[in-house]
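Have a look at upload-v4.cif; it's mmCIF, C-alpha atoms and all ligand atoms:
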```
data_coords
#
loop_
_atom_site.label_atom_id
_atom_site.label_comp_id
_atom_site.auth_asym_id
_atom_site.auth_seq_id
_atom_site.Cartn_x
_atom_site.Cartn_y
_atom_site.Cartn_z
CA MET I 1 -30.39 -18.44 3.36
CA ASN I 2 -29.80 -22.06 2.58
CA VAL I 3 -26.47 -22.71 0.92
CA ARG I 4 -26.05 -26.33 -0.07
CA LYS I 5 -23.02 -28.30 -1.07
CA PHE I 6 -23.16 -30.99 -3.78
CA THR I 7 -20.34 -33.29 -4.76
CA ALA I 8 -20.09 -35.65 -7.72
CA SER I 9 -17.43 -37.14 -9.90
CA THR I 10 -18.34 -34.91 -12.86
CA SER I 11 -19.78 -31.39 -13.28
CA ARG I 12 -22.78 -32.79 -15.07
CA GLY I 13 -23.47 -35.18 -12.21
CA ALA I 14 -23.15 -32.46 -9.58
CA TRP I 15 -25.38 -30.12 -11.56
CA SER I 16 -28.16 -32.72 -11.87
CA LEU I 17 -27.99 -33.19 -8.10
CA VAL I 18 -28.41 -29.44 -7.67
CA ARG I 19 -31.41 -29.41 -9.99
CA GLU I 20 -32.99 -32.35 -8.27
CA ALA I 21 -32.65 -30.78 -4.83
CA LEU I 22 -33.19 -27.08 -5.55
CA GLY I 23 -35.07 -27.03 -8.82
CA PRO I 24 -34.23 -25.37 -12.15
CA ASP I 25 -33.91 -21.84 -10.63
CA ALA I 26 -31.00 -22.83 -8.40
CA VAL I 27 -28.10 -20.37 -8.37
CA ILE I 28 -24.60 -21.79 -8.57
CA LEU I 29 -22.36 -19.94 -6.14
CA SER I 30 -19.15 -21.80 -6.72
CA ASN I 31 -17.90 -24.68 -8.70
CA ARG I 32 -14.54 -26.26 -7.94
CA THR I 33 -12.62 -29.47 -8.29
CA VAL I 34 -12.00 -31.37 -5.05
CA ASP I 35 -10.26 -34.69 -4.64
CA GLY I 36 -10.83 -35.71 -8.22
CA GLY I 37 -14.53 -34.78 -8.06
CA VAL I 38 -16.56 -31.61 -8.50
CA GLU I 39 -18.04 -29.62 -5.66
CA ILE I 40 -20.83 -27.13 -6.26
CA LEU I 41 -22.19 -24.65 -3.72
CA ALA I 42 -25.70 -23.63 -4.68
CA LEU I 43 -28.60 -21.61 -3.43
CA ALA I 44 -32.31 -22.02 -4.17
CA GLY I 45 -33.68 -19.37 -6.54
CA GLU I 46 -36.02 -17.88 -3.92
CA ASP I 47 -33.14 -17.53 -1.43
CA MET I 48 -31.17 -15.50 -3.95
CA ALA I 49 -33.99 -12.96 -4.15
CA SER I 50 -33.73 -12.32 -0.42
CA LEU I 51 -30.11 -11.27 -0.85
CA SER I 52 -31.11 -8.09 -2.61
CA ASP I 53 -32.51 -6.89 0.70
CA PRO I 54 -29.75 -4.58 1.99
CA VAL I 55 -30.61 -5.25 5.62
CA ILE I 56 -30.24 -8.95 5.14
CA GLU I 57 -27.01 -8.54 3.27
CA LYS I 58 -25.59 -6.29 5.95
CA THR I 59 -26.49 -8.79 8.61
CA ILE I 60 -24.94 -11.57 6.64
CA SER I 61 -21.78 -9.75 5.80
CA GLU I 62 -21.19 -8.51 9.32
CA ASN I 63 -19.76 -11.72 10.69
CA THR I 64 -23.06 -13.34 11.56
CA LEU I 65 -22.53 -15.82 8.80
CA ALA I 66 -21.44 -18.55 11.12
CA ALA I 67 -24.39 -17.97 13.40
CA LEU I 68 -26.77 -17.93 10.48
CA ALA I 69 -25.88 -21.39 9.25
CA PRO I 70 -26.76 -23.34 12.43
CA ARG I 71 -30.01 -21.39 12.76
CA HIS I 72 -31.19 -22.82 9.47
CA LYS I 73 -29.70 -26.16 10.12
CA ALA I 74 -32.86 -27.81 11.37
CA ALA I 75 -34.85 -26.86 8.32
CA GLN I 76 -32.03 -27.74 6.00
CA PRO I 77 -32.28 -31.02 4.13
CA ALA I 78 -29.10 -33.03 4.07
CA PRO I 79 -26.85 -32.17 1.14
CA LEU I 80 -25.98 -35.07 -1.08
CA ALA I 81 -22.53 -36.40 -1.47
CA ILE I 82 -21.48 -38.76 -4.22
CA THR I 83 -18.54 -40.98 -3.66
CA ALA I 84 -17.33 -43.34 -6.37
CA GLY I 85 -20.54 -42.90 -8.28
CA ALA I 86 -22.86 -43.91 -5.42
CA THR I 87 -25.37 -41.43 -3.96
CA GLN I 88 -25.56 -41.23 -0.19
CA ALA I 89 -26.93 -38.77 2.35
CA ALA I 90 -24.22 -36.70 4.01
CA PRO I 91 -24.39 -35.04 7.43
CA ALA I 92 -26.27 -31.76 7.19
CA GLY I 93 -24.94 -28.20 7.26
CA GLU I 94 -21.21 -28.82 7.24
CA ILE I 95 -20.47 -25.41 5.71
CA ASN I 96 -18.21 -23.47 8.04
CA SER I 97 -17.99 -19.70 8.43
CA ALA I 98 -14.89 -19.41 6.22
CA GLU I 99 -16.78 -21.12 3.41
CA LEU I 100 -19.74 -18.84 3.94
CA HIS I 101 -17.49 -15.83 3.70
CA ASP I 102 -16.19 -17.21 0.42
CA VAL I 103 -19.74 -17.63 -0.74
CA MET I 104 -20.60 -14.04 0.12
CA LYS I 105 -17.49 -12.89 -1.72
CA GLU I 106 -18.59 -14.78 -4.77
CA ILE I 107 -22.10 -13.39 -4.57
CA ARG I 108 -20.70 -9.88 -4.45
CA SER I 109 -18.41 -10.53 -7.36
CA MET I 110 -21.34 -11.98 -9.30
CA ARG I 111 -23.37 -8.90 -8.54
CA GLY I 112 -20.47 -6.72 -9.72
CA MET I 113 -20.28 -8.77 -12.90
CA LEU I 114 -23.98 -8.40 -13.51
CA GLU I 115 -23.79 -4.65 -13.02
CA MET I 116 -20.87 -4.49 -15.43
CA GLN I 117 -22.75 -6.49 -18.00
CA LEU I 118 -25.79 -4.26 -17.70
CA ALA I 119 -23.60 -1.19 -18.12
CA GLU I 120 -22.00 -2.80 -21.15
CA LEU I 121 -25.40 -3.46 -22.63
CA ALA I 122 -26.42 0.15 -21.98
CA TRP I 123 -23.30 1.37 -23.80
CA THR I 124 -23.83 -0.97 -26.71
CA ASP I 125 -27.36 0.34 -26.95
CA GLN I 126 -26.21 3.95 -26.79
CA HIS I 127 -23.69 3.25 -29.55
CA LYS I 128 -26.56 2.17 -31.79
CA ARG I 129 -28.84 5.07 -30.84
CA GLU I 130 -26.26 7.87 -30.84
CA PRO I 131 -23.35 6.99 -33.08
CA ALA I 132 -21.96 10.56 -32.86
CA LYS I 133 -21.44 10.17 -29.12
CA SER I 134 -19.59 6.93 -29.70
CA SER I 135 -17.42 8.52 -32.32
CA VAL I 136 -16.47 11.46 -30.04
CA LEU I 137 -15.88 9.05 -27.20
CA ARG I 138 -13.47 7.03 -29.32
CA GLU I 139 -11.61 10.22 -30.26
CA MET I 140 -11.23 11.17 -26.60
CA LEU I 141 -9.91 7.75 -25.61
CA ALA I 142 -7.54 7.74 -28.59
CA ALA I 143 -6.21 11.16 -27.55
CA GLY I 144 -5.37 9.74 -24.12
CA PHE I 145 -8.15 11.26 -21.99
CA SER I 146 -9.38 9.05 -19.17
CA ALA I 147 -12.46 6.91 -19.66
CA SER I 148 -14.13 8.59 -16.67
CA LEU I 149 -13.70 12.15 -17.99
CA ALA I 150 -14.73 11.00 -21.47
CA ARG I 151 -17.85 9.31 -20.11
CA TYR I 152 -18.72 12.28 -17.90
CA LEU I 153 -18.58 14.68 -20.85
CA ILE I 154 -20.22 12.39 -23.40
CA GLU I 155 -23.19 11.87 -21.09
CA ARG I 156 -23.61 15.64 -20.98
CA MET I 157 -23.01 16.32 -24.66
CA PRO I 158 -25.99 18.10 -26.23
CA ALA I 159 -28.43 15.59 -27.71
CA GLY I 160 -28.62 15.44 -31.48
CA SER I 161 -24.99 16.54 -32.02
CA ASP I 162 -23.24 15.19 -35.08
CA ASN I 163 -19.57 14.18 -35.10
CA GLN I 164 -18.33 17.67 -35.90
CA SER I 165 -20.51 19.65 -33.50
CA GLY I 166 -19.87 17.03 -30.81
CA MET I 167 -16.09 17.37 -31.20
CA ASP I 168 -16.38 21.16 -31.18
CA TRP I 169 -18.38 21.02 -27.95
CA ILE I 170 -15.88 18.70 -26.29
CA LYS I 171 -12.95 20.88 -27.32
CA THR I 172 -14.68 24.00 -26.00
CA ILE I 173 -15.38 22.37 -22.65
CA LEU I 174 -11.84 21.02 -22.32
CA THR I 175 -10.35 24.40 -23.25
CA ARG I 176 -12.57 26.13 -20.70
CA ASN I 177 -11.49 23.76 -17.97
CA LEU I 178 -7.79 23.94 -18.66
CA ALA I 179 -6.54 26.69 -16.35
CA THR I 180 -3.45 28.51 -17.63
CA ILE I 181 -1.67 31.68 -16.62
CA GLY I 182 -2.41 33.14 -20.03
CA ASN I 183 0.19 35.83 -19.58
CA GLU I 184 3.66 35.22 -18.27
CA ASN I 185 3.70 38.54 -16.46
CA GLU I 186 2.19 36.42 -13.70
CA ILE I 187 5.68 35.18 -13.00
CA LEU I 188 8.07 37.51 -14.87
CA GLU I 189 6.58 40.84 -13.74
CA LYS I 190 5.29 39.87 -10.33
CA GLY I 191 8.44 38.00 -9.41
CA GLY I 192 8.72 36.13 -6.11
CA VAL I 193 10.29 32.88 -4.99
CA TYR I 194 9.52 29.84 -7.14
CA ALA I 195 10.69 26.29 -6.53
CA LEU I 196 10.57 23.75 -9.33
CA VAL I 197 9.65 20.39 -7.89
CA GLY I 198 8.81 16.97 -9.28
CA PRO I 199 9.97 13.40 -9.76
CA THR I 200 13.45 12.55 -11.02
CA GLY I 201 14.52 13.54 -14.50
CA VAL I 202 11.37 15.43 -15.48
CA GLY I 203 13.34 18.50 -16.52
CA LYS I 204 13.41 20.67 -13.38
CA THR I 205 16.99 21.93 -13.82
CA THR I 206 16.58 22.52 -17.56
CA THR I 207 13.29 24.34 -16.99
CA THR I 208 14.83 26.42 -14.19
CA ALA I 209 17.55 27.48 -16.65
CA LYS I 210 14.94 28.29 -19.32
CA LEU I 211 12.95 30.39 -16.84
CA ALA I 212 16.11 32.06 -15.58
CA ALA I 213 17.01 33.05 -19.13
CA ARG I 214 13.57 34.62 -19.57
CA CYS I 215 13.94 36.58 -16.33
CA VAL I 216 17.39 37.79 -17.34
CA MET I 217 16.10 38.86 -20.77
CA ARG I 218 13.32 40.86 -19.12
CA HIS I 219 15.09 42.41 -16.10
CA GLY I 220 18.84 41.75 -16.46
CA PRO I 221 20.93 39.35 -14.35
CA GLY I 222 21.02 41.54 -11.22
CA LYS I 223 17.36 40.98 -10.36
CA LEU I 224 17.57 37.18 -10.33
CA ALA I 225 19.08 34.64 -7.97
CA LEU I 226 19.29 30.89 -8.37
CA ILE I 227 19.31 28.34 -5.57
CA THR I 228 19.76 24.60 -5.82
CA THR I 229 18.92 22.00 -3.20
CA ASP I 230 20.72 19.44 -5.39
CA GLY I 231 24.10 19.97 -3.73
CA TYR I 232 25.02 16.45 -2.72
CA ARG I 233 24.63 14.57 -6.02
CA ILE I 234 27.67 14.45 -8.24
CA GLY I 235 27.23 17.17 -10.82
CA GLY I 236 23.91 18.34 -9.34
CA TYR I 237 25.16 21.80 -8.36
CA GLU I 238 27.44 21.96 -11.40
CA GLN I 239 24.57 21.59 -13.88
CA LEU I 240 22.80 24.73 -12.69
CA ARG I 241 26.05 26.59 -11.98
CA ILE I 242 27.01 26.34 -15.65
CA TYR I 243 23.68 27.83 -16.75
CA GLY I 244 24.11 30.52 -14.07
CA LYS I 245 27.57 31.34 -15.37
CA ILE I 246 26.29 31.76 -18.93
CA LEU I 247 23.53 34.08 -17.67
CA GLY I 248 25.76 35.95 -15.22
CA VAL I 249 23.67 34.88 -12.21
CA MET I 250 25.03 33.52 -8.90
CA VAL I 251 23.92 30.03 -7.92
CA HIS I 252 23.59 29.22 -4.21
CA SER I 253 23.61 25.67 -2.96
CA VAL I 254 21.59 24.83 0.16
CA LYS I 255 21.35 21.53 1.97
CA ASP I 256 18.56 21.98 4.50
CA GLU I 257 15.77 24.22 5.69
CA ALA I 258 18.04 26.36 7.87
CA ASP I 259 20.38 26.94 4.92
CA LEU I 260 17.50 27.82 2.67
CA ARG I 261 16.11 30.24 5.23
CA ILE I 262 19.46 32.04 5.44
CA ALA I 263 19.86 32.13 1.64
CA LEU I 264 16.36 33.49 1.10
CA ASP I 265 16.94 36.10 3.77
CA GLU I 266 20.12 37.23 2.03
CA LEU I 267 18.35 37.34 -1.33
CA LYS I 268 15.36 39.34 -0.10
CA GLY I 269 16.23 42.21 -2.43
CA LYS I 270 15.98 40.09 -5.57
CA HIS I 271 12.97 40.46 -7.79
CA THR I 272 12.87 36.74 -8.59
CA VAL I 273 14.45 33.74 -6.91
CA LEU I 274 14.29 30.36 -8.65
CA ILE I 275 14.95 27.23 -6.64
CA ASP I 276 15.92 24.03 -8.47
CA THR I 277 15.15 21.06 -6.25
CA VAL I 278 16.46 17.53 -6.24
CA GLY I 279 14.11 15.07 -7.93
CA VAL I 280 12.04 12.92 -5.57
CA SER I 281 9.88 10.00 -6.69
CA GLN I 282 6.21 10.55 -5.90
CA ARG I 283 6.33 7.28 -3.99
CA ASP I 284 9.06 8.49 -1.66
CA GLN I 285 8.16 9.98 1.72
CA MET I 286 10.90 12.55 1.03
CA VAL I 287 8.26 14.47 -0.96
CA ALA I 288 6.57 15.51 2.28
CA GLU I 289 9.93 16.46 3.79
CA GLN I 290 10.77 18.55 0.75
CA ILE I 291 7.41 20.34 0.88
CA ALA I 292 7.95 21.00 4.60
CA MET I 293 11.43 22.36 3.91
CA LEU I 294 10.17 24.73 1.22
CA SER I 295 7.17 25.94 3.18
CA GLY I 296 9.11 26.34 6.40
CA ALA I 297 11.80 28.52 4.85
CA GLY I 298 10.35 31.87 5.82
CA SER I 299 9.63 33.70 2.55
CA GLN I 300 6.60 32.50 0.67
CA VAL I 301 7.90 29.85 -1.70
CA LYS I 302 5.55 29.01 -4.56
CA ARG I 303 6.02 25.53 -5.88
CA LEU I 304 5.75 24.72 -9.57
CA LEU I 305 5.31 21.02 -10.25
CA CYS I 306 7.03 19.69 -13.37
CA LEU I 307 4.93 16.97 -15.03
CA ASN I 308 6.46 14.80 -17.68
CA ALA I 309 3.92 14.64 -20.52
CA THR I 310 5.23 11.22 -21.58
CA SER I 311 4.14 9.60 -18.30
CA THR I 312 0.86 7.70 -18.12
CA GLY I 313 -2.25 9.33 -16.68
CA GLU I 314 -2.11 7.00 -13.67
CA THR I 315 1.47 8.01 -12.90
CA LEU I 316 0.74 11.71 -13.31
CA ASN I 317 -2.29 11.38 -11.07
CA GLU I 318 -0.11 9.81 -8.42
CA VAL I 319 2.54 12.53 -8.84
CA VAL I 320 -0.01 15.33 -8.40
CA ARG I 321 -1.59 13.64 -5.39
CA SER I 322 1.73 13.37 -3.65
CA TYR I 323 2.99 16.89 -4.52
CA MET I 324 -0.31 18.67 -3.96
CA GLY I 325 -1.01 20.98 -1.05
CA GLU I 326 -0.67 24.50 0.27
CA GLY I 327 1.94 26.45 -1.69
CA LEU I 328 1.52 24.59 -4.98
CA ALA I 329 1.07 27.47 -7.42
CA GLY I 330 0.70 25.36 -10.54
CA CYS I 331 2.52 23.11 -12.95
CA ILE I 332 4.72 22.99 -16.01
CA LEU I 333 4.28 20.24 -18.62
CA THR I 334 7.66 19.05 -19.86
CA LYS I 335 8.81 16.82 -22.72
CA LEU I 336 5.75 17.55 -24.83
CA ASP I 337 7.95 16.90 -27.86
CA GLU I 338 8.46 13.29 -26.77
CA ALA I 339 4.85 12.47 -25.91
CA ALA I 340 2.90 10.29 -28.36
CA THR I 341 -0.37 11.49 -26.83
CA ILE I 342 -0.98 14.33 -24.38
CA GLY I 343 -4.64 13.79 -23.46
CA SER I 344 -3.76 12.05 -20.22
CA ALA I 345 -1.52 14.93 -19.11
CA LEU I 346 -4.25 17.48 -19.88
CA ASP I 347 -6.80 15.24 -18.16
CA VAL I 348 -4.75 15.31 -14.94
CA VAL I 349 -4.26 19.08 -15.11
CA ILE I 350 -8.01 19.57 -15.61
CA ARG I 351 -8.99 17.04 -12.95
CA HIS I 352 -6.78 18.59 -10.29
CA LYS I 353 -7.52 22.16 -11.38
CA LEU I 354 -3.83 22.94 -11.64
CA ASN I 355 -2.78 26.26 -13.04
CA LEU I 356 -0.66 25.41 -16.08
CA TYR I 357 2.18 27.93 -16.40
CA TYR I 358 4.39 26.72 -19.20
CA VAL I 359 4.94 23.82 -21.55
CA ALA I 360 8.43 22.63 -22.45
CA ASN I 361 8.93 20.95 -25.79
CA GLY I 362 12.63 20.29 -26.11
CA GLN I 363 16.07 20.43 -24.55
CA ARG I 364 17.16 23.78 -25.91
CA VAL I 365 17.66 26.52 -23.31
CA PRO I 366 15.88 28.92 -23.44
CA GLU I 367 13.96 28.41 -26.70
CA ASP I 368 11.93 25.32 -25.80
CA LEU I 369 9.66 26.84 -23.17
CA HIS I 370 6.30 28.38 -24.02
CA VAL I 371 3.46 29.96 -22.13
CA ALA I 372 0.65 27.41 -22.07
CA ASN I 373 -2.08 28.02 -24.62
CA GLN I 374 -5.28 26.06 -23.87
CA GLN I 375 -6.71 26.06 -27.36
CA TYR I 376 -3.44 24.93 -28.92
CA LEU I 377 -2.97 22.17 -26.36
CA VAL I 378 -6.49 20.77 -26.74
CA ASP I 379 -6.22 20.83 -30.56
CA ARG I 380 -2.84 19.14 -30.35
CA ALA I 381 -4.22 16.48 -28.03
CA PHE I 382 -6.71 15.39 -30.69
CA LYS I 383 -4.15 15.55 -33.49
CA LEU I 384 -1.78 13.33 -31.53
CA LYS I 385 -4.26 10.52 -31.12
CA ARG I 386 -3.30 6.87 -31.08
CA GLU I 387 -3.22 5.56 -34.62
CA THR I 388 -1.58 2.25 -33.91
CA ALA I 389 -3.89 -0.72 -33.62
CA PRO I 390 -2.44 -2.29 -30.44
CA PHE I 391 -3.38 0.74 -28.35
CA GLN I 392 -6.80 1.44 -29.81
CA PHE I 393 -10.11 0.15 -28.58
CA ASN I 394 -12.46 -1.46 -31.05
CA ASP I 395 -16.24 -1.06 -31.01
CA ALA I 396 -16.77 -4.23 -28.98
CA GLU I 397 -14.25 -3.18 -26.32
CA ILE I 398 -15.53 0.34 -25.74
CA PRO I 399 -18.64 -0.65 -23.73
CA LEU I 400 -16.37 -2.76 -21.52
CA VAL I 401 -13.99 0.15 -20.91
CA MET I 402 -16.83 2.53 -20.16
CA ALA I 403 -18.68 0.11 -17.90
CA ASN I 404 -15.59 -0.06 -15.74
CA THR I 405 -15.62 3.66 -14.96
CA ALA I 406 -18.68 3.58 -12.72
CA ARG I 407 -16.77 4.15 -9.49
CA ALA I 408 -14.54 6.89 -10.91
CA MET I 409 -17.67 8.76 -11.98
CA ASN I 410 -18.34 9.64 -8.34
CA GLU I 411 -15.07 11.51 -8.02
CA LYS I 412 -15.49 15.05 -6.81
CA SER I 413 -13.02 16.33 -9.41
CA LEU I 414 -15.37 15.33 -12.23
CA ARG I 415 -18.37 16.97 -10.69
CA GLU I 416 -16.42 20.22 -10.67
CA VAL I 417 -15.84 20.24 -14.42
CA ILE I 418 -17.47 23.37 -15.82
CA LEU I 419 -19.89 22.52 -18.61
CA GLY I 420 -21.48 25.79 -19.58
N1 LIG I 501 12.93 16.16 -25.12
C1 LIG I 501 12.96 16.92 -24.02
N2 LIG I 501 13.93 16.72 -23.13
C2 LIG I 501 13.94 17.50 -22.02
C3 LIG I 501 12.96 18.48 -21.80
N3 LIG I 501 13.23 19.05 -20.60
C4 LIG I 501 14.34 18.45 -20.13
N4 LIG I 501 14.78 17.52 -20.98
C5 LIG I 501 15.92 16.61 -20.85
O1 LIG I 501 15.65 15.69 -19.83
C6 LIG I 501 16.84 15.32 -19.15
C7 LIG I 501 16.69 15.57 -17.66
O2 LIG I 501 16.53 16.96 -17.45
P1 LIG I 501 16.90 17.65 -16.09
O3 LIG I 501 16.60 19.09 -16.25
O4 LIG I 501 18.28 17.29 -15.65
O5 LIG I 501 15.84 16.94 -15.15
P2 LIG I 501 15.70 17.10 -13.58
O6 LIG I 501 14.25 17.06 -13.28
O7 LIG I 501 16.45 18.27 -13.10
O8 LIG I 501 16.38 15.75 -13.10
P3 LIG I 501 16.83 15.40 -11.60
O9 LIG I 501 17.45 16.62 -11.02
O10 LIG I 501 17.78 14.28 -11.81
O11 LIG I 501 15.60 14.98 -10.88
C8 LIG I 501 17.95 16.16 -19.77
O12 LIG I 501 18.56 15.39 -20.76
C9 LIG I 501 17.18 17.31 -20.42
O13 LIG I 501 17.88 17.87 -21.52
C10 LIG I 501 11.93 18.66 -22.77
O14 LIG I 501 11.01 19.47 -22.66
N5 LIG I 501 11.99 17.85 -23.87
MG MG I 502 17.97 18.47 -11.68
#
```

Can the structure in the file be given as structure tokens, please?
Amino acid sequence: MNVRKFTASTSRGAWSLVREALGPDAVILSNRTVDGGVEILALAGEDMASLSDPVIEKTISENTLAALAPRHKAAQPAPLAITAGATQAAPAGEINSAELHDVMKEIRSMRGMLEMQLAELAWTDQHKREPAKSSVLREMLAAGFSASLARYLIERMPAGSDNQSGMDWIKTILTRNLATIGNENEILEKGGVYALVGPTGVGKTTTTAKLAARCVMRHGPGKLALITTDGYRIGGYEQLRIYGKILGVMVHSVKDEADLRIALDELKGKHTVLIDTVGVSQRDQMVAEQIAMLSGAGSQVKRLLCLNATSTGETLNEVVRSYMGEGLAGCILTKLDEAATIGSALDVVIRHKLNLYYVANGQRVPEDLHVANQQYLVDRAFKLKRETAPFQFNDAEIPLVMANTARAMNEKSLREVILG
């Protein structure tokens, strides 16, 4: 590889030097202003072709760059340098290894750009050939589903579908992949120990109270016990204690694993025990400590993760990643009433194969808690699509958005989406 450096007082001047030395096929690697002039790093066209050889690229990228330059030095004609408008020969091969690394970085970024542009072209072409796919794709993005899930499904949509049959197919697939408990006997009849976990303010305490009310309505107050790990915040214990008082259920406050173990041991006879936990940001290492505390407490504690439907898909993804693991029974979507779109929340539930227990759509205890219904949720997702121009993609932007999903398409979670 023969990277050459050309300097001139203007871009035009530097470019004509490049053409003179390397011919019209020369590839510009970088172009920057230096000391009032312009410096161009360029490669001959035939040298660029050799870069597509993976062996060569590996060799180059694995720190042999510095060694490579001197090896070619002898054969390398002296780059030209122009100072104050006069052309002179400059000493050959003065490109150091740091510069070569920069060059390689630029080549890679150029390759990435080319790939992106090709993908964009492919999507523009598809838009022309299969307008129904484009229309369904736009609906999915507007509903808040991720570009990678949308692309994965659109690529597998039966050929020849029209807008309506395409949408029906997408809705069927999404419904099929949204795992729900279907019947709340799963929790109300079976009973057990459930801990509501999640980031701050997502509605854990309110949802615990809503669930507690349902348990009391089904079995009476004697079968239920409430525990809170939120004992040290001002009002933390009080909030649940007031709900407990209304329902006639005792609320126990625990501060660590040993406490929790003792409390659970005492409450062994209860049909259902609900644990309200203190909110922990998904970015806090306390999440791991909390999981350890709940799983080390003796009785089998099933964790229910509260996901705020108003959060972005990226945030929810992060929340699930950090709260995931052995003992996570499923999730509850909260604040559905406040969410402008819910596609991203459903996307995350589908992607992580979470079992969706309930959805909460308001502050009222106990009314605003409902067993999750897949069909309803998917229909609602498409009804709640973005209608406001600033958040919508136009036709020209869609290929760009889709081209960017290439890496996400390799995610295992997508490959596990059931299509038939
Ligand atoms: N609109 C709406 N508000 C809700 C919902 N669930 C809870 N809230 C409200 O959200 C706020 C926080 O609820 P909490 O139950 O205290 O949340 P938390 O997760 O226990 O909060 P921390 O314990 O501080 O982490 C309260 O004002 C609730 O009334 C819901 O489904 N919809
Ligand atoms: Mg709380």

Open item on the list: From the options I:Gln363, I:Asn183, I:Thr124, I:Ser295, which residue's atoms come nearest to Thr206 (chain I), counting only C-alpha atoms?
Closed with: I:Gln363

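Using all atoms listed in the file for every distance, the candidate list I:Leu240, I:Ala345, I:Leu294, I:Leu137 yields I:Leu240 as the residue closest to ligand MG 502 (chain I).
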
For the interface of chain I with ligand LIG 501 (chain I) (cut-off 8 Å, counting all atoms listed in the file), please tabulate each contacting residue of chain I alongside its nearest pair of atoms and their separation in Å to one decimal, rows sorted by chain and increasing number, as CSV.
```
residue,atom,partner,partner_atom,distance
I:Val197,CA,I:LIG501,O6,7.8
I:Gly198,CA,I:LIG501,O6,6.8
I:Pro199,CA,I:LIG501,O11,6.0
I:Thr200,CA,I:LIG501,O11,3.2
I:Gly201,CA,I:LIG501,O8,3.2
I:Val202,CA,I:LIG501,O6,4.0
I:Gly203,CA,I:LIG501,O5,3.2
I:Lys204,CA,I:LIG501,O6,3.7
I:Thr205,CA,I:LIG501,O3,3.8
I:Thr206,CA,I:LIG501,O3,3.7
I:Thr207,CA,I:LIG501,O3,6.3
I:Thr208,CA,I:LIG501,O3,7.8
I:Asp230,CA,I:LIG501,O9,7.1
I:Gly236,CA,I:LIG501,O9,6.9
I:Gln239,CA,I:LIG501,O4,7.8
I:Asp276,CA,I:LIG501,O7,7.4
I:Thr277,CA,I:LIG501,O9,6.9
I:Val278,CA,I:LIG501,O9,5.0
I:Gly279,CA,I:LIG501,O11,3.3
I:Val280,CA,I:LIG501,O11,6.7
I:Cys306,CA,I:LIG501,O6,7.7
I:Leu333,CA,I:LIG501,O14,7.9
I:Thr334,CA,I:LIG501,O14,4.4
I:Lys335,CA,I:LIG501,O14,3.4
I:Leu336,CA,I:LIG501,O14,6.0
I:Asp337,CA,I:LIG501,N1,5.7
I:Glu338,CA,I:LIG501,N1,5.6
I:Val359,CA,I:LIG501,O14,7.5
I:Ala360,CA,I:LIG501,O14,4.1
I:Asn361,CA,I:LIG501,O14,4.0
I:Gly362,CA,I:LIG501,N5,3.4
I:Gln363,CA,I:LIG501,O13,4.4
I:Arg364,CA,I:LIG501,O13,7.4
I:Asp368,CA,I:LIG501,O14,6.7
I:Leu369,CA,I:LIG501,O14,7.5
```

TODO: For CA of Asn317 (chain I) and CA of Met116 (chain I), quote the distance in Å rounded to one decimal.
DONE: 24.8 Å

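Nearest residue to ligand MG 502 (chain I), choosing from I:Glu318, I:Glu238, I:Asp256, I:Asp25 and counting only C-alpha atoms and all ligand atoms: I:Glu238.
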
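Atom pair CA of Gly248 (chain I) / CA of Thr228 (chain I) has a distance of 15.9 Å (rounded to one decimal).
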
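Note that the spacing between CA of Leu377 (chain I) and CA of Tyr357 (chain I) amounts to 12.6 Å.
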
- [ ] Compare I:Ala381, I:Val273, I:Met324, I:Leu41 by their minimum atom-to-atom distance to Ala288 (chain I), counting all atoms listed in the file, and give me the closest one.
- [x] I:Met324

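When all atoms listed in the file are used to measure the gap to Ile28 (chain I), the shortest distance among I:Leu149, I:Ile170, I:Ala44, I:Leu307 belongs to I:Ala44.
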
- [ ] Just the residues within 9 Å of Gly327 (chain I), please, counting all atoms listed in the file, with nothing from its chain fewer than 6 positions along; format it as a PyMOL selection string.
- [x] chain I and resi 291+294-295+300-304

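Residue nearest ligand MG 502 (chain I), chosen from I:Ile227, I:Val34, I:Ala8, I:Ala42 and counting all atoms listed in the file: I:Ile227.
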
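Summary of the local environment: counting all atoms listed in the file, residues at most 12 Å from Gln164 (chain I), other than itself and those fewer than 2 positions away along its chain, are I:Ala132, I:Lys133, I:Ser135, I:Val136, I:Glu139, I:Gly160, I:Ser161, I:Asp162, I:Gly166, I:Met167, I:Asp168, I:Trp169, I:Ile170, I:Lys171.
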
Write out, as a compact mmCIF listing (two decimals), in the frame of the given file, the residues just selected, with C-alpha atoms.
```
# COMPACT_ATOMS: atom_id res chain seq x y z
CA ALA I 132 -21.96 10.56 -32.86
CA LYS I 133 -21.44 10.17 -29.12
CA SER I 135 -17.42 8.52 -32.32
CA VAL I 136 -16.47 11.46 -30.04
CA GLU I 139 -11.61 10.22 -30.26
CA GLY I 160 -28.62 15.44 -31.48
CA SER I 161 -24.99 16.54 -32.02
CA ASP I 162 -23.24 15.19 -35.08
CA GLY I 166 -19.87 17.03 -30.81
CA MET I 167 -16.09 17.37 -31.20
CA ASP I 168 -16.38 21.16 -31.18
CA TRP I 169 -18.38 21.02 -27.95
CA ILE I 170 -15.88 18.70 -26.29
CA LYS I 171 -12.95 20.88 -27.32
```

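The shell of residues at most 10 Å from Leu316 (chain I), with only C-alpha atoms counted and near chain neighbours (fewer than 6 positions) removed, consists of Gln282, Leu307, Asn308, Ala309, Thr310, Ser322, Ser344, Ala345, Asp347, Val348 and Val349 of chain I.
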